[in-house]
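> Structure in structure tokens, see below.
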Amino acid sequence: MKNSKIIPFAILLIFTLPCFISCEELFIREEYENNALDVFHSLWTTVDENYTFFTAKNIDWDSVYTVSRPLVSDGMRSDSLFNVLADMLSALRDGHVNLQAGFDLSRYWEWYLNYPQNFNFSLIERNYLGDNYQISGPFYHRMIDSIGYVYYESFEDNVSESIVDYLVTLYSSRVNNNNDTTIVKGLIIDVRDNGGGKINNAETIASRFTTEKKLVQYWQYKDGPEHDNFTKPIPKYLEPGGEFQYRGLVVVLTNRSCYSATNFFAQIMKSLGNNIVILGDSTGGGGGLPVNRELPNGWVYRFSSTVTTTLTGENIEFGIAPDIKVEMKEEDLEQGKDSFIEAALQLIDENFDRNRQGS
Amino acid sequence: MNKRSFLSFLIFFVSHIIYAQELPPENTTRFFNLGVGYTLPKFLDHSFSTLRYQGHAVSATGGFHFRAPHRLHHLDFRFDYGQLSNASNFATVDYFRFEGNYAYKKFVKNLWKDRLQWFVGGSFNSLWTLWIYQGFVNNSYNNSVYASLSPNTSFVYHFELFQRQFRAEAAVFIPILTFAMRPSYGTTRFPGFLDDDRDDTLRQIWESGQFASFNKFFRYSNTISLEYFMKNANRLRLSYEWNFLRYQEPRVVNAASHNITIATMFNF
């Protein structure tokens, strides 16, 4: 056959063959099948290559595989497979690790279940907030004995710049229009039982408590599949936000149910300086940014993907210790008092008196 | 569009090209193109999921074509938006894709008893994809940018059919050198942009990508088009493009799309 006849056929072949055979199907093929063994291997491998706290928590993930793998067989029931995978993930001891199937959600909640609750919102609502409190966006707040009290239930609830500006202005000492002076001795920010949410909400609030850009923490990301493959620590700064930054004494109330973004908030506030006191119990932790992945059978799971450390190198995954440790006292509860709020009120009062005597 | 439809279209297209009456090459022309189309995208990104996503997208195209008897300048843009899902849990991914290509090709020779004009040249190809996993938190945004230099070739055939003039072109490019930017290993951020406090954009972009060739990056783009000459010197252009991409950093991502576009080419 002459070249002149071969060429058009070759051209046709080159340009149209891909269309006919849809050859991308050969390449865009899922690595795992939708069966129990592949689901198990997909989960174990992805966590192995991406989870960030194996070393910090001294977890032997290979031995977890050894224990869990024999429990999985193709054809096993979905709920049985779910239970095996959930047990496997519980070895990570991480509240940011969940497996979500349509019928269940695996979770690890021992970061607060093994500790006293130290919080009773009903008591606060009845005996401190009363009828005369404001609800500004996600914040419940009022003045208690010339001290601002703000309760924030969840960092999932978005915080606007204007609301935070309003709060820090409202609870600052000021000269009013009629030349009366409003004295505010300090501010209590109660984030107990706040299980977290969006970190940018934490940063928005914290930005009203510093007058200068400050280094507050370091982040590390995974940069390879080995358990110790991390980027170098990346500094995270907090810049002052809004037109006015609060300069009085701020007491942040925490308990073991403070997790994730609340943990970040407590750590950032603690790093800002002497005018901020963390009072109460240690936070529950949650120092890694959780990310989602999917299993071959469609189940979704999440795990921690970063490491956050304080300026002194402490991993905040294990919680933030308070500056002043307080436990809820039975006798306070019997009198309808919240020991945390009482301690905070007393601390701010004493600090105010001390400053007044000093000046 | 199913395979049978494709097959019918191609058989019709190819057979008529082969047996149509041949016309001489056209003179110098300039066109500004605008079009709309449909895309069937699919991808599997092992950095984000074990599941393959596939769906439907609408596309908008634009471009500028300058053609002389012995050279072609083609500048083309295409934007796709669609929603994709997987077969296992029907989670949704918002799919955005923007592609810009500039190709310069010179006439090489006539082929097939002088019926086909063969052009060869090079092209600069840029591609941005954004896949937003709706169900994910903290890692929903999956951004990729690819800038490539590619050899590029076209076969052009002018013919008359049913007393109408047509121009058919088949073009292909395969990048040989690509600067590719993908999210870093453990996050959705580009590697050079992990530090919020840096303000050195060009250097950060440089650090976010790497040069790759066939060892890590492979892309194949194949476009078949048919232009119908209207009486006012404008043209209608029907094109089909098949695009495949494979990149291995930080983990393997494979993506493909089939696109059909109808465009008006405004002569000026």
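Order determines the names: the first chain of the structure tokens is A, the second B, and so forth; residues in each chain are numbered 1 upward, and ligands are numbered 1 upward as they are shown.
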So which residues touch B:Phe244 within 7 Å, counting only C-alpha atoms, skipping near sequence neighbours fewer than 4 positions away, as JSON, numbers by chain?

{"A": [24], "B": [219, 220, 221, 255, 256, 257]}

> Taking 5 positions as the minimum chain separation for residues in the same chain, which residues sit within 9 Å of A:Phe303 when counting only C-alpha atoms? Answer as a PyMOL selection string.

chain A and resi 47+50-52+94-98+288-293

> Just checking: using only C-alpha atoms, which residue out of A:His141, A:Lys222, A:Lys214, A:Arg126 ends up closest to chain B?

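Among the listed residues, A:Lys222 lies closest to chain B.
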
> Pick from A:Asn200, A:Asn315, A:Thr55, A:Ser282: nearest to chain B, with only C-alpha atoms counted?

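Looking at the shortest contact to chain B, the residue is A:Asn200.
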
> For stretch 236-250 of chain A, list every protein, DNA or RNA residue within 6 Å, evaluated using only C-alpha atoms, and leave out those in the same chain fewer than 5 positions away; present the list as a list in words.

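So the residues in contact are Val168, Gly186, Leu187, Ile188, Ser207, Arg208, Phe209, Thr210, Thr211, Glu212, Lys213, Lys214, Leu215, Val216, Gln217, Tyr218, Asn275 and Ile276 of chain A.
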
> Using only C-alpha atoms, pick whichever of A:Pro70, A:Gly287, A:Gly130, A:Gly224 has the shortest atom-to-atom distance to chain B.

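Nearest candidate to chain B out of A:Pro70, A:Gly287, A:Gly130, A:Gly224: A:Gly224.
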
> Find, counting only C-alpha atoms, the residue in B:Thr28, B:Ser208, B:Thr201, B:Thr188 that gets nearest to chain A.

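Checking each of B:Thr28, B:Ser208, B:Thr201, B:Thr188 against chain A, counting only C-alpha atoms, the winner is B:Thr188.
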
> Between A:Val191, A:Ile135, A:Leu43, A:Ile28, which is the closest to chain B once you count only C-alpha atoms?

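Ranked by minimum distance to chain B, first place goes to A:Ile28.
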
> In Å, rounded to a single decimal, give me how far atom CA of A:Phe352 is from atom CA of A:Asp180.

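The value is 19.3 Å.
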
> At what distance in Å, to one decimal, does atom CA of A:Lys232 lie from atom CA of A:Trp219?

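Atom-to-atom, atom CA of A:Trp219 to atom CA of A:Lys232, that is 8.4 Å.
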
> Quick one: of B:Phe217, B:Phe155, B:Phe77, B:Tyr38, who's nearest to chain A, counting only C-alpha atoms?

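Once distances to chain A are computed over only C-alpha atoms, the minimum belongs to B:Phe155.
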
> Set the distance at 8 Å and use only C-alpha atoms: which residues neighbour B:His258 once local chain neighbours fewer than 5 positions away are removed? I'd like the list as a ChimeraX atom specification.

/B:39-41,240-243

> Quick check, in Å to one decimal: how far apart do atom CA of A:Glu33 and atom CA of B:Ser49 lie?

13.2 Å

> Please report, as a ChimeraX atom specification, each residue of stretch 92-294 of chain A to which DSSP assigns strand (DSSP E or B) when run on this structure's backbone.

/A:98-101,104-106,134-136,139-144,147-152,155,174-175,181-182,186-190,197,214-222,230,234-238,249-254,259,276-280,285,290-294

> Using backbone DSSP assignments, extract all alpha helix (DSSP H) residues from stretch 139-332 of chain A; output them as JSON, numbers by chain.

{"A": [161, 162, 163, 164, 165, 166, 167, 168, 169, 170, 199, 200, 201, 202, 203, 204, 205, 206, 261, 262, 263, 264, 265, 266, 267, 268, 269, 270, 271, 330, 331, 332]}

> What's around B:Tyr81 at 12 Å? Count only C-alpha atoms, leave out sequence neighbours fewer than 6 positions away in its own chain, and write the answer as JSON, numbers by chain.

{"B": [36, 37, 38, 39, 40, 41, 55, 56, 57, 58, 59, 60, 61, 93, 94, 95, 96, 97, 98, 99, 129, 130, 131, 132]}
